[in-house]
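Q: Take a look at this one; I'll ask things after.
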Amino acid sequence: MSEYATVQKGALKLKGVGCVSSGKKKKKKDKESKQRLEQVLTSQNDEDEVKAKKTYMDKRTPAQMAFDKMQEKRQMERILNKASKTHKHRVEDFNRHLDTLTEHYDIPKVSWTK
C-alpha cells in the first residue's frame, strides 16, 4: 500500500473551467465605437452592391450566345431521346449493332480439348 500513498485523490482540475477568476478577464468594449464600426461596414456593403449591379454586363459575342443556346438545345434533345427508350429497346438496338459487325470483332471461342 505504500506505493499508492503519494497519489493525489480528487476530481480533475481543468484550466479555464470552474473558477471565473483563474482565466483572463475580458475587456468591455464601448457601445459607441461598436455602432460606428457597424455604420461604416453597412455603408461599404451598400456601395459594393451598387457597384456590382452597375458593372455586370454580358461580355459574350452574339456568336457565343448562339453557340451556347444551340448546345443547350442539343443536350435537351439527347436527354429526351435517351428517356424515350426503355432498357429492352436499348438492348435490342445493341444486339442489332453487334449483328452488323464483321467476325473480326467476335470473341474467339476457347476449347481445352482442341
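Residue names in the C-alpha cells use chain letters A, B, ... in the order shown, residue numbers from 1 in each chain, and ligand numbers from 1 in the order shown.
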Looking only at the backbone, which of the residues in range 62-112 of chain A does DSSP tag as alpha helix (DSSP H), as a count of residues only?
A: 37
